[in-house]
$ cat work-v8.cif   # mmCIF, C-alpha atoms
data_start
#
loop_
_atom_site.label_atom_id
_atom_site.label_comp_id
_atom_site.auth_asym_id
_atom_site.auth_seq_id
_atom_site.Cartn_x
_atom_site.Cartn_y
_atom_site.Cartn_z
CA MET A 1 0.00 0.00 0.00
CA GLY A 2 3.01 2.25 -0.49
CA LYS A 3 3.07 5.55 -2.28
CA GLN A 4 3.60 5.72 -6.03
CA VAL A 5 5.33 8.31 -8.15
CA ILE A 6 3.36 9.96 -10.95
CA THR A 7 4.03 12.70 -13.46
CA LEU A 8 1.31 15.18 -14.32
CA MET A 9 1.21 18.24 -16.54
CA VAL A 10 -0.97 20.74 -14.67
CA ASN A 11 -1.79 24.11 -16.22
CA GLY A 12 1.30 23.87 -18.40
CA GLU A 13 3.74 22.89 -15.67
CA SER A 14 5.13 19.43 -15.13
CA TYR A 15 4.98 17.91 -11.64
CA ARG A 16 6.47 14.75 -10.19
CA LEU A 17 4.42 13.67 -7.20
CA GLU A 18 4.59 10.89 -4.66
CA ILE A 19 1.06 9.94 -3.71
CA GLU A 20 -1.08 7.20 -2.23
CA PRO A 21 -2.98 5.19 -4.87
CA ARG A 22 -6.24 5.90 -3.06
CA ALA A 23 -5.89 9.69 -3.46
CA HIS A 24 -8.27 11.11 -6.04
CA LEU A 25 -7.12 13.89 -8.28
CA ALA A 26 -9.16 16.61 -6.57
CA ASP A 27 -7.38 15.95 -3.28
CA VAL A 28 -3.98 15.89 -4.97
CA LEU A 29 -4.61 19.18 -6.81
CA ARG A 30 -5.76 20.85 -3.62
CA ASP A 31 -3.41 19.35 -1.04
CA GLU A 32 -0.20 18.80 -3.02
CA LEU A 33 -0.39 21.65 -5.53
CA ALA A 34 -2.48 24.16 -3.53
CA LEU A 35 -4.86 24.56 -6.49
CA THR A 36 -7.92 25.05 -4.33
CA GLY A 37 -10.20 26.32 -7.11
CA THR A 38 -11.15 22.68 -7.72
CA HIS A 39 -13.85 22.28 -5.09
CA ILE A 40 -14.95 19.11 -3.37
CA GLY A 41 -18.64 18.65 -2.63
CA CYS A 42 -20.02 15.13 -2.64
CA GLU A 43 -16.97 13.04 -3.58
CA HIS A 44 -19.10 10.59 -5.49
CA GLY A 45 -19.66 12.30 -8.81
CA VAL A 46 -23.07 13.83 -8.22
CA CYS A 47 -22.49 17.54 -7.49
CA GLY A 48 -19.97 18.39 -10.23
CA ALA A 49 -18.02 20.93 -8.11
CA CYS A 50 -14.68 19.23 -8.84
CA THR A 51 -14.96 19.35 -12.65
CA ILE A 52 -11.62 19.88 -14.41
CA ARG A 53 -10.21 19.14 -17.88
CA VAL A 54 -8.14 16.02 -18.44
CA ASP A 55 -6.56 15.73 -21.88
CA GLY A 56 -9.04 18.36 -23.03
CA ALA A 57 -12.18 16.56 -21.80
CA ILE A 58 -14.16 17.66 -18.74
CA THR A 59 -13.83 15.13 -15.94
CA ARG A 60 -14.87 14.72 -12.32
CA ALA A 61 -11.62 15.08 -10.37
CA CYS A 62 -13.17 13.17 -7.44
CA LEU A 63 -13.86 10.17 -9.71
CA LEU A 64 -10.34 9.94 -11.09
CA LEU A 65 -7.56 8.49 -8.99
CA ALA A 66 -4.41 10.52 -9.39
CA VAL A 67 -2.52 7.32 -10.31
CA GLN A 68 -4.96 6.81 -13.21
CA ALA A 69 -4.02 10.27 -14.49
CA GLU A 70 -0.31 9.39 -14.82
CA GLY A 71 0.98 11.22 -17.91
CA ALA A 72 -2.22 13.22 -18.44
CA VAL A 73 -2.56 16.91 -19.24
CA ILE A 74 -4.66 18.56 -16.53
CA GLU A 75 -6.28 21.99 -16.70
CA THR A 76 -7.95 23.49 -13.65
CA ILE A 77 -9.91 26.70 -13.14
CA GLU A 78 -6.64 28.43 -12.22
CA GLY A 79 -5.19 27.61 -15.64
CA LEU A 80 -8.30 28.55 -17.59
CA SER A 81 -8.61 31.76 -15.61
CA ASP A 82 -4.96 32.83 -15.98
CA SER A 83 -4.89 32.13 -19.72
CA GLY A 84 -7.92 34.35 -20.28
CA GLU A 85 -9.74 31.52 -22.08
CA ILE A 86 -12.91 32.02 -20.04
CA GLY A 87 -12.60 35.74 -19.27
CA ASP A 88 -15.83 36.54 -21.10
CA LEU A 89 -17.73 33.83 -19.20
CA GLN A 90 -16.38 35.12 -15.89
CA ASP A 91 -17.50 38.67 -16.78
CA ALA A 92 -20.93 37.46 -17.84
CA PHE A 93 -21.38 35.46 -14.62
CA ARG A 94 -20.49 38.55 -12.59
CA HIS A 95 -22.73 40.94 -14.56
CA ARG A 96 -25.71 38.61 -14.45
CA ASN A 97 -25.22 37.59 -10.78
CA ALA A 98 -24.84 34.00 -11.91
CA LEU A 99 -23.19 33.12 -8.63
CA GLN A 100 -23.67 33.84 -4.96
CA CYS A 101 -21.59 31.66 -2.67
CA GLY A 102 -19.30 30.67 -5.53
CA TYR A 103 -18.85 27.06 -4.54
CA CYS A 104 -20.10 25.63 -7.84
CA THR A 105 -18.72 28.46 -9.97
CA PRO A 106 -15.27 27.20 -11.07
CA ALA A 107 -16.75 23.90 -12.25
CA MET A 108 -19.78 25.63 -13.75
CA LEU A 109 -17.46 27.87 -15.80
CA ILE A 110 -15.40 24.91 -17.03
CA THR A 111 -18.56 23.00 -17.95
CA ALA A 112 -20.04 26.03 -19.75
CA GLN A 113 -16.80 26.52 -21.68
CA ASP A 114 -16.84 22.83 -22.64
CA LEU A 115 -20.34 23.26 -24.08
CA LEU A 116 -19.39 26.36 -26.07
CA LEU A 117 -16.30 24.66 -27.50
CA HIS A 118 -18.41 21.75 -28.77
CA ASN A 119 -21.55 23.68 -29.64
CA PRO A 120 -21.02 27.43 -30.21
CA ASN A 121 -24.73 28.16 -30.63
CA PRO A 122 -26.67 26.21 -27.96
CA ASP A 123 -30.29 26.94 -27.14
CA ARG A 124 -31.37 27.26 -23.51
CA ALA A 125 -32.51 23.65 -23.25
CA THR A 126 -29.10 22.49 -24.47
CA ILE A 127 -27.34 24.73 -21.94
CA ARG A 128 -29.51 23.33 -19.16
CA ASP A 129 -28.82 19.79 -20.28
CA HIS A 130 -25.07 20.33 -20.36
CA ILE A 131 -24.89 21.89 -16.89
CA SER A 132 -27.34 19.33 -15.46
CA GLY A 133 -24.43 17.53 -13.78
CA ASN A 134 -23.42 20.63 -11.81
CA TYR A 135 -25.40 21.51 -8.72
CA CYS A 136 -25.93 25.17 -7.81
CA ARG A 137 -27.87 25.79 -4.59
CA CYS A 138 -27.91 29.62 -4.79
CA THR A 139 -29.01 30.89 -8.17
CA GLY A 140 -31.79 28.60 -9.34
CA TYR A 141 -29.76 28.26 -12.58
CA GLN A 142 -31.74 30.91 -14.49
CA ALA A 143 -28.96 33.49 -14.26
CA ILE A 144 -26.32 30.91 -15.16
CA VAL A 145 -28.21 29.94 -18.30
CA ASP A 146 -28.60 33.65 -19.12
CA ALA A 147 -24.87 34.25 -18.72
CA VAL A 148 -23.88 31.29 -20.89
CA GLU A 149 -26.41 32.29 -23.54
CA THR A 150 -25.07 35.85 -23.55
CA VAL A 151 -21.50 34.68 -24.06
CA ALA A 152 -22.53 32.27 -26.81
CA LYS A 153 -24.20 35.11 -28.70
CA ALA A 154 -21.32 37.52 -28.10
CA ARG A 155 -18.76 34.98 -29.37
CA GLN A 156 -20.90 34.32 -32.46
CA THR A 157 -21.07 38.04 -33.22
CA ALA A 158 -17.34 38.43 -32.64
CA GLY A 159 -16.72 35.45 -34.91
CA GLU A 160 -18.83 36.94 -37.71
CA ARG A 161 -16.96 40.26 -37.49
CA ALA A 162 -13.57 38.59 -37.57
CA MET B 1 -15.25 10.31 2.50
CA LYS B 2 -11.89 8.88 1.57
CA ALA B 3 -11.26 5.39 0.21
CA TYR B 4 -9.55 2.69 2.21
CA ALA B 5 -5.91 2.25 1.20
CA PHE B 6 -5.18 -0.08 -1.72
CA ASP B 7 -2.41 -0.86 -4.17
CA TYR B 8 -2.62 0.02 -7.84
CA VAL B 9 -1.07 -1.47 -10.94
CA ARG B 10 -1.53 -0.48 -14.57
CA ALA B 11 -1.70 -3.48 -16.90
CA THR B 12 -0.36 -3.06 -20.44
CA THR B 13 -1.68 -6.23 -22.10
CA LEU B 14 -4.72 -8.46 -21.65
CA VAL B 15 -2.51 -11.43 -20.76
CA GLU B 16 -0.79 -9.39 -18.06
CA ALA B 17 -4.13 -8.14 -16.70
CA LEU B 18 -5.51 -11.70 -16.50
CA SER B 19 -2.44 -12.90 -14.68
CA LEU B 20 -2.54 -9.97 -12.23
CA LEU B 21 -6.23 -10.64 -11.61
CA GLU B 22 -5.64 -14.34 -10.99
CA ARG B 23 -2.76 -13.61 -8.62
CA ALA B 24 -4.76 -10.98 -6.70
CA GLY B 25 -7.57 -13.43 -5.99
CA ASP B 26 -10.46 -12.06 -3.92
CA GLY B 27 -8.58 -8.85 -3.15
CA GLY B 28 -8.30 -7.78 -6.79
CA LYS B 29 -10.64 -5.41 -8.59
CA LEU B 30 -10.50 -4.19 -12.18
CA ILE B 31 -10.72 -0.48 -12.92
CA ALA B 32 -11.29 1.06 -16.36
CA GLY B 33 -13.09 4.42 -16.37
CA GLY B 34 -13.83 4.11 -12.66
CA GLN B 35 -17.02 6.18 -12.86
CA SER B 36 -18.99 3.67 -10.77
CA LEU B 37 -16.06 2.10 -8.94
CA VAL B 38 -14.43 5.25 -7.55
CA PRO B 39 -17.67 6.49 -5.91
CA ALA B 40 -17.99 3.06 -4.27
CA LEU B 41 -14.36 3.30 -3.10
CA ASN B 42 -14.83 6.85 -1.80
CA LEU B 43 -17.93 5.75 0.10
CA ARG B 44 -16.03 2.73 1.46
CA LEU B 45 -18.60 0.34 0.04
CA LEU B 46 -15.67 -1.60 -1.41
CA ALA B 47 -12.25 -2.34 0.05
CA PRO B 48 -10.07 -4.02 -2.59
CA GLN B 49 -6.45 -4.87 -1.82
CA ILE B 50 -5.32 -3.96 -5.31
CA LEU B 51 -6.79 -2.17 -8.31
CA ILE B 52 -5.75 -3.47 -11.73
CA ASP B 53 -6.10 -0.70 -14.30
CA ILE B 54 -7.25 -2.06 -17.68
CA ALA B 55 -7.95 1.34 -19.26
CA HIS B 56 -4.86 1.10 -21.46
CA LEU B 57 -5.21 -2.42 -22.86
CA PRO B 58 -5.05 -2.31 -26.68
CA GLU B 59 -7.15 -5.52 -26.82
CA LEU B 60 -10.12 -3.63 -25.34
CA ARG B 61 -9.99 -0.72 -27.76
CA GLY B 62 -11.72 0.02 -31.02
CA ILE B 63 -15.02 0.07 -32.85
CA SER B 64 -15.20 -1.96 -36.06
CA VAL B 65 -17.74 -3.41 -38.44
CA ASP B 66 -17.63 -6.48 -40.68
CA ASP B 67 -20.20 -8.04 -43.04
CA THR B 68 -22.49 -9.16 -40.26
CA HIS B 69 -21.60 -7.49 -36.95
CA VAL B 70 -20.49 -4.34 -35.19
CA HIS B 71 -17.74 -4.97 -32.63
CA LEU B 72 -17.27 -2.65 -29.69
CA GLY B 73 -14.17 -2.89 -27.53
CA ALA B 74 -15.07 -3.08 -23.85
CA GLY B 75 -12.77 -0.13 -23.21
CA THR B 76 -14.79 2.13 -25.54
CA ARG B 77 -15.71 5.26 -23.65
CA HIS B 78 -19.31 6.49 -23.61
CA VAL B 79 -18.26 9.65 -25.45
CA GLU B 80 -16.77 7.50 -28.23
CA LEU B 81 -20.02 5.56 -28.58
CA ALA B 82 -21.90 8.85 -28.73
CA THR B 83 -19.76 10.30 -31.51
CA SER B 84 -18.90 7.20 -33.58
CA ALA B 85 -20.30 7.32 -37.13
CA LEU B 86 -20.21 3.49 -37.26
CA VAL B 87 -22.33 3.23 -34.13
CA GLY B 88 -24.73 5.86 -35.46
CA GLU B 89 -25.19 3.97 -38.72
CA HIS B 90 -25.39 0.39 -37.45
CA VAL B 91 -26.64 0.56 -33.84
CA PRO B 92 -28.47 3.89 -33.50
CA LEU B 93 -30.21 2.62 -30.33
CA LEU B 94 -26.93 3.01 -28.44
CA GLN B 95 -26.65 6.66 -29.39
CA MET B 96 -30.25 7.29 -28.33
CA ALA B 97 -29.43 5.71 -24.97
CA ILE B 98 -26.03 7.22 -24.33
CA ARG B 99 -27.24 10.77 -23.89
CA HIS B 100 -29.25 9.57 -20.90
CA VAL B 101 -26.16 8.07 -19.25
CA ALA B 102 -25.08 10.44 -16.46
CA HIS B 103 -23.46 13.71 -17.58
CA ALA B 104 -20.86 14.80 -20.13
CA ALA B 105 -18.00 14.76 -17.61
CA ILE B 106 -18.80 11.17 -16.68
CA ARG B 107 -19.39 10.03 -20.27
CA ASN B 108 -15.89 11.30 -21.08
CA ARG B 109 -14.35 8.62 -18.87
CA GLY B 110 -16.91 5.87 -18.29
CA THR B 111 -16.52 2.78 -20.48
CA LEU B 112 -18.99 0.44 -22.13
CA GLY B 113 -17.39 -2.64 -20.59
CA GLY B 114 -17.28 -1.12 -17.14
CA ASN B 115 -20.92 -0.15 -17.39
CA LEU B 116 -21.97 -3.66 -18.44
CA ALA B 117 -19.77 -5.49 -15.93
CA HIS B 118 -21.04 -3.23 -13.13
CA ALA B 119 -24.62 -4.35 -14.00
CA ASP B 120 -26.51 -1.59 -12.26
CA PRO B 121 -30.20 -2.48 -12.71
CA ALA B 122 -31.03 1.14 -13.52
CA SER B 123 -28.33 1.40 -16.17
CA GLU B 124 -29.27 2.09 -19.78
CA LEU B 125 -26.71 0.09 -21.75
CA PRO B 126 -27.39 -3.41 -20.33
CA ALA B 127 -31.03 -3.08 -21.46
CA CYS B 128 -29.87 -2.02 -24.93
CA MET B 129 -27.60 -5.06 -25.13
CA ILE B 130 -30.51 -7.41 -24.45
CA ALA B 131 -32.76 -5.58 -26.92
CA LEU B 132 -29.99 -5.81 -29.55
CA GLU B 133 -29.20 -9.47 -28.74
CA ALA B 134 -25.54 -8.61 -28.21
CA SER B 135 -22.90 -11.22 -27.52
CA MET B 136 -20.12 -10.65 -24.97
CA LEU B 137 -16.61 -11.95 -25.58
CA VAL B 138 -14.95 -12.73 -22.28
CA ALA B 139 -11.33 -13.73 -21.59
CA GLY B 140 -10.15 -15.83 -18.65
CA PRO B 141 -7.22 -17.98 -17.63
CA LYS B 142 -8.72 -20.92 -19.57
CA GLY B 143 -9.25 -18.92 -22.75
CA GLU B 144 -12.13 -17.05 -24.31
CA ARG B 145 -15.88 -17.68 -24.27
CA ARG B 146 -19.00 -15.92 -25.48
CA ILE B 147 -22.02 -15.03 -23.36
CA ASP B 148 -25.33 -13.83 -24.82
CA ALA B 149 -26.57 -10.58 -23.29
CA ILE B 150 -29.76 -12.26 -22.09
CA ASP B 151 -27.64 -14.64 -19.96
CA PHE B 152 -25.05 -12.06 -18.91
CA PHE B 153 -27.06 -9.97 -16.46
CA LYS B 154 -27.88 -12.14 -13.46
CA GLY B 155 -29.12 -9.72 -10.84
CA LEU B 156 -28.24 -6.72 -8.72
CA TYR B 157 -24.63 -5.84 -9.72
CA GLU B 158 -24.25 -9.48 -10.70
CA THR B 159 -23.15 -10.85 -14.07
CA ALA B 160 -22.14 -14.19 -15.58
CA LEU B 161 -18.47 -13.06 -15.43
CA GLU B 162 -16.27 -15.23 -13.23
CA PRO B 163 -14.01 -13.32 -10.80
CA ASP B 164 -10.94 -14.14 -12.94
CA GLU B 165 -12.50 -13.07 -16.27
CA ILE B 166 -12.37 -9.81 -18.22
CA LEU B 167 -15.01 -8.56 -20.66
CA VAL B 168 -13.16 -7.90 -23.92
CA ARG B 169 -15.59 -7.11 -26.71
CA ILE B 170 -19.28 -6.77 -27.43
CA SER B 171 -20.61 -7.87 -30.81
CA ILE B 172 -23.99 -6.83 -32.19
CA ALA B 173 -25.55 -8.06 -35.42
CA ARG B 174 -25.93 -5.23 -37.92
CA SER B 175 -29.58 -4.22 -38.05
CA PRO B 176 -31.37 -5.27 -41.24
CA ALA B 177 -33.01 -2.48 -43.25
CA GLY B 178 -36.32 -1.45 -41.73
CA THR B 179 -35.26 -2.10 -38.15
CA ARG B 180 -36.71 0.50 -35.84
CA CYS B 181 -35.57 1.33 -32.37
CA HIS B 182 -36.78 3.38 -29.47
CA PHE B 183 -35.27 4.51 -26.18
CA ASN B 184 -36.86 6.44 -23.35
CA GLU B 185 -36.50 6.78 -19.61
CA LEU B 186 -38.26 8.62 -16.82
CA ALA B 187 -35.94 10.27 -14.28
CA ARG B 188 -36.39 13.14 -11.88
CA ARG B 189 -33.31 15.01 -13.16
CA ALA B 190 -31.45 14.73 -16.47
CA GLY B 191 -28.61 12.28 -15.92
CA ASP B 192 -30.06 10.70 -12.80
CA TYR B 193 -30.79 7.01 -12.60
CA ALA B 194 -34.13 6.28 -14.20
CA MET B 195 -37.16 5.32 -12.13
CA ALA B 196 -38.14 3.31 -15.20
CA GLY B 197 -36.76 3.02 -18.71
CA LEU B 198 -37.35 1.15 -21.95
CA ALA B 199 -35.10 0.10 -24.83
CA MET B 200 -37.06 -1.43 -27.69
CA VAL B 201 -36.20 -2.85 -31.09
CA MET B 202 -38.67 -3.83 -33.82
CA HIS B 203 -37.84 -5.94 -36.90
CA GLY B 204 -39.98 -6.99 -39.84
CA THR B 205 -43.52 -6.04 -40.71
CA GLN B 206 -46.91 -6.94 -39.33
CA PRO B 207 -48.71 -9.21 -39.11
CA GLN B 208 -46.27 -11.96 -40.18
CA GLY B 209 -42.67 -11.78 -39.15
CA LEU B 210 -43.02 -8.82 -36.80
CA ARG B 211 -40.56 -9.13 -33.95
CA ILE B 212 -40.51 -6.72 -31.00
CA ARG B 213 -38.03 -6.74 -28.12
CA PRO B 214 -39.05 -4.40 -25.30
CA VAL B 215 -36.46 -4.40 -22.50
CA PHE B 216 -37.18 -2.52 -19.28
CA PHE B 217 -34.57 -1.22 -16.84
CA GLY B 218 -34.80 0.43 -13.43
CA ILE B 219 -37.65 -1.99 -12.73
CA GLY B 220 -36.58 -5.02 -10.72
CA TYR B 221 -33.01 -6.09 -10.10
CA ARG B 222 -31.86 -6.57 -13.66
CA PRO B 223 -32.85 -5.45 -17.14
CA THR B 224 -35.86 -7.49 -18.21
CA LEU B 225 -37.12 -8.57 -21.61
CA ALA B 226 -40.92 -8.22 -21.48
CA SER B 227 -41.62 -11.34 -23.52
CA HIS B 228 -45.32 -11.71 -22.66
CA ALA B 229 -45.99 -8.10 -23.61
CA ALA B 230 -43.97 -8.55 -26.82
CA LEU B 231 -46.07 -11.58 -27.78
CA CYS B 232 -49.31 -9.57 -27.40
CA LEU B 233 -47.96 -6.93 -29.79
CA GLU B 234 -46.54 -9.42 -32.30
CA GLN B 235 -49.68 -11.53 -32.53
CA ALA B 236 -52.14 -8.65 -33.02
CA THR B 237 -53.17 -7.81 -36.58
CA ASP B 238 -52.10 -4.27 -35.81
CA PRO B 239 -49.63 -3.89 -32.90
CA MET B 240 -51.63 -0.91 -31.59
CA GLU B 241 -54.62 -3.24 -31.15
CA GLY B 242 -52.47 -5.48 -28.97
CA LEU B 243 -51.28 -2.61 -26.80
CA GLU B 244 -53.84 -2.90 -24.02
CA ALA B 245 -53.25 -6.64 -23.65
CA ALA B 246 -49.49 -6.01 -23.73
CA ARG B 247 -49.77 -3.41 -20.96
CA GLN B 248 -51.68 -5.90 -18.83
CA ALA B 249 -49.13 -8.62 -19.64
CA LEU B 250 -46.37 -6.48 -18.13
CA ALA B 251 -47.57 -7.78 -14.74
CA GLN B 252 -46.26 -11.21 -15.80
CA ASP B 253 -42.98 -9.82 -17.11
CA LEU B 254 -41.90 -7.32 -14.48
CA SER B 255 -41.33 -7.39 -10.73
CA PRO B 256 -41.11 -3.72 -9.78
CA GLN B 257 -39.30 -2.86 -6.56
CA GLU B 258 -40.03 -0.11 -4.08
CA ASP B 259 -37.33 2.41 -3.15
CA LEU B 260 -36.94 6.08 -2.23
CA GLN B 261 -37.67 7.18 -5.79
CA ALA B 262 -40.93 5.33 -6.43
CA ASP B 263 -43.13 2.55 -5.10
CA ALA B 264 -43.87 -0.64 -7.02
CA GLU B 265 -47.28 0.48 -8.25
CA THR B 266 -45.85 3.72 -9.63
CA ARG B 267 -43.11 1.82 -11.42
CA MET B 268 -45.62 -0.53 -13.06
CA GLN B 269 -47.65 2.47 -14.19
CA LEU B 270 -44.49 4.09 -15.60
CA ALA B 271 -43.71 0.88 -17.49
CA LYS B 272 -47.16 0.94 -19.08
CA VAL B 273 -46.71 4.59 -20.05
CA LEU B 274 -43.29 3.85 -21.56
CA LEU B 275 -44.63 0.90 -23.57
CA LYS B 276 -47.46 2.98 -25.02
CA ARG B 277 -45.17 5.89 -25.93
CA GLY B 278 -42.54 3.53 -27.29
CA LEU B 279 -44.92 1.63 -29.54
CA ALA B 280 -46.42 4.86 -30.86
CA ASP B 281 -42.89 6.08 -31.65
CA LEU B 282 -41.90 2.85 -33.43
CA LEU B 283 -45.04 2.86 -35.56
CA ALA B 284 -44.65 6.56 -36.37
CA GLN B 285 -41.09 5.87 -37.59
CA GLY B 286 -42.62 3.52 -40.20
CA ARG B 287 -44.90 6.24 -41.48
CA GLY B 288 -42.15 8.86 -41.57
#
$ encode --input "work-v8.cif" --output "structure tokens"
Amino acid sequence: MGKQVITLMVNGESYRLEIEPRAHLADVLRDELALTGTHIGCEHGVCGACTIRVDGAITRACLLLAVQAEGAVIETIEGLSDSGEIGDLQDAFRHRNALQCGYCTPAMLITAQDLLLHNPNPDRATIRDHISGNYCRCTGYQAIVDAVETVAKARQTAGERA
Amino acid sequence: MKAYAFDYVRATTLVEALSLLERAGDGGKLIAGGQSLVPALNLRLLAPQILIDIAHLPELRGISVDDTHVHLGAGTRHVELATSALVGEHVPLLQMAIRHVAHAAIRNRGTLGGNLAHADPASELPACMIALEASMLVAGPKGERRIDAIDFFKGLYETALEPDEILVRISIARSPAGTRCHFNELARRAGDYAMAGLAMVMHGTQPQGLRIRPVFFGIGYRPTLASHAALCLEQATDPMEGLEAARQALAQDLSPQEDLQADAETRMQLAKVLLKRGLADLLAQGRG
């Protein structure tokens, strides 16, 4: 039951970590790398608060053992935020009050960005469906759907101008 | 909660995985996508000594089609099933079902083989496999064998797999032209486990040669082929005329359970509703 050594690329930086096999990736990101934007809610894949990107695909960090992620490219909210990739979504969430306590917000932003990358012009039902795996207990979702819809439209307009 | 401590080893070939599994004995557990296993570990419902990671076995990869069958590697992720053109063309039922399986983040990692071997009675894909008459290729220390889907799912989280066997590939006969399929489930929230669900395939034309396979899930402790109800529909001059008898016959086919989501009577009612909607959909497809 000893520790194992893994290599991860997290937000563009390579890390060599010695971890217990039972540690899930959310714990490793938070405790070993101090990337606390990845939140832990239910730890069994229901609430969605720990959503990150693994090799470009959104993933529940609580449902992925860090040892399984050996060699993977990980992106957390810190990476997406620093790179500016989701700056417009963050602005829209703030303007539309699409958050209150903020616990679900990092994962909600990553999930919304995932939708817009795969489907640049989603209708409201599609937005609701895509964020259905992310619990928010403050907003009632209406404002979140508004914010995502606003960004989708703004990106479309920007794309047409370009 | 945090999982009990365990060891972990990543297998690189099927032969290596089988040997690791045999050596681990009762303390060994396979992990692929881990989307059902890791929650159970985190909740301490399971306490394996060692996890054997089979997510990287080349023998479990790939989607292919030959003259008669579509072959799906057990390691195929849900997202790959959802986006595969081959699956869309030859087994569209799976793509109808897959969007009901959990959420995008879970479909990105969960695997077909893991889903089937886990055998959750509320899971969508086992029901599809019975409706499609799939055949499971399984490898063990004594070699390979095939198990028909109808014999594979034994009960609550229980399959015909022996503890030292690994599910390798699922083969499904390519649907003949004119095959229609339907999938629907009733859940309280998108992505939640269904209170009741139905996967249904219809071949041929009425009245002769019509063949209907309605398979319910979330009702009882394993996916269930409603053969009495199917017979009522197949033997009627017009399947719609057999619907009422088929709905009544569901009492012979299904043993609904009671849980926090719904009582047995509600589940039976939901099954009747699903059968009616499903048949209407299948018949409308013929007119379209």
$ closest_atom_pairs --input "work-v8.cif" --of "region 141-259 of chain B" --to "region 7-17 of chain B" --cutoff "9 Å" --atoms "all atoms listed in the file" --output "CSV"
residue,atom,partner,partner_atom,distance
B:Pro141,CA,B:Val15,CA,8.7
B:Ile166,CA,B:Leu14,CA,8.5
B:Val168,CA,B:Leu14,CA,8.8
$ closest_residue --input "work-v8.cif" --among "A:Gly45, A:Gly37, A:Pro122, A:Gly87" --to "chain B" --atoms "all atoms listed in the file"
A:Gly45
$ closest_residue --input "work-v8.cif" --among "A:Asp129, A:Glu32, A:Glu75, A:Asp55" --to "chain B" --atoms "only C-alpha atoms"
A:Asp129
$ residues_around --input "work-v8.cif" --residues "region 150-165 of chain B" --least-positions-apart "5" --cutoff "8 Å" --atoms "only C-alpha atoms" --output "ChimeraX atom specification"
/B:18,21-22,25-26,117-121,126,130,133,136,138-141,221-223
$ atom_distance --input "work-v8.cif" --atom1 "CA of Leu186 (chain B)" --atom2 "CA of Leu132 (chain B)"
20.9 Å
$ build_atoms --input "work-v8.cif" --residues "region 262-274 of chain B" --atoms "N, CA and C atoms" --output "PDB file, in the coordinates of the input"
ATOM      1  N   ALA B 262     -39.574   5.672  -5.999  1.00  0.00           N
ATOM      2  CA  ALA B 262     -40.930   5.330  -6.430  1.00  0.00           C
ATOM      3  C   ALA B 262     -41.347   4.008  -5.810  1.00  0.00           C
ATOM      4  N   ASP B 263     -42.664   3.844  -5.587  1.00  0.00           N
ATOM      5  CA  ASP B 263     -43.130   2.550  -5.100  1.00  0.00           C
ATOM      6  C   ASP B 263     -43.405   1.617  -6.282  1.00  0.00           C
ATOM      7  N   ALA B 264     -43.742   0.371  -5.969  1.00  0.00           N
ATOM      8  CA  ALA B 264     -43.870  -0.640  -7.020  1.00  0.00           C
ATOM      9  C   ALA B 264     -45.016  -0.317  -7.981  1.00  0.00           C
ATOM     10  N   GLU B 265     -46.112   0.173  -7.412  1.00  0.00           N
ATOM     11  CA  GLU B 265     -47.280   0.480  -8.250  1.00  0.00           C
ATOM     12  C   GLU B 265     -46.962   1.596  -9.239  1.00  0.00           C
ATOM     13  N   THR B 266     -46.244   2.612  -8.749  1.00  0.00           N
ATOM     14  CA  THR B 266     -45.850   3.720  -9.630  1.00  0.00           C
ATOM     15  C   THR B 266     -44.967   3.201 -10.761  1.00  0.00           C
ATOM     16  N   ARG B 267     -44.019   2.344 -10.397  1.00  0.00           N
ATOM     17  CA  ARG B 267     -43.110   1.820 -11.420  1.00  0.00           C
ATOM     18  C   ARG B 267     -43.870   1.045 -12.493  1.00  0.00           C
ATOM     19  N   MET B 268     -44.843   0.234 -12.077  1.00  0.00           N
ATOM     20  CA  MET B 268     -45.620  -0.530 -13.060  1.00  0.00           C
ATOM     21  C   MET B 268     -46.382   0.428 -13.973  1.00  0.00           C
ATOM     22  N   GLN B 269     -46.940   1.480 -13.384  1.00  0.00           N
ATOM     23  CA  GLN B 269     -47.650   2.470 -14.190  1.00  0.00           C
ATOM     24  C   GLN B 269     -46.691   3.132 -15.189  1.00  0.00           C
ATOM     25  N   LEU B 270     -45.477   3.467 -14.714  1.00  0.00           N
ATOM     26  CA  LEU B 270     -44.490   4.090 -15.600  1.00  0.00           C
ATOM     27  C   LEU B 270     -44.117   3.147 -16.750  1.00  0.00           C
ATOM     28  N   ALA B 271     -44.037   1.854 -16.445  1.00  0.00           N
ATOM     29  CA  ALA B 271     -43.710   0.880 -17.490  1.00  0.00           C
ATOM     30  C   ALA B 271     -44.805   0.869 -18.560  1.00  0.00           C
ATOM     31  N   LYS B 272     -46.046   0.931 -18.118  1.00  0.00           N
ATOM     32  CA  LYS B 272     -47.160   0.940 -19.080  1.00  0.00           C
ATOM     33  C   LYS B 272     -47.108   2.198 -19.952  1.00  0.00           C
ATOM     34  N   VAL B 273     -46.807   3.324 -19.308  1.00  0.00           N
ATOM     35  CA  VAL B 273     -46.710   4.590 -20.050  1.00  0.00           C
ATOM     36  C   VAL B 273     -45.585   4.494 -21.079  1.00  0.00           C
ATOM     37  N   LEU B 274     -44.436   3.954 -20.649  1.00  0.00           N
ATOM     38  CA  LEU B 274     -43.290   3.850 -21.560  1.00  0.00           C
ATOM     39  C   LEU B 274     -43.610   2.943 -22.741  1.00  0.00           C
TER      40      LEU B 274
END
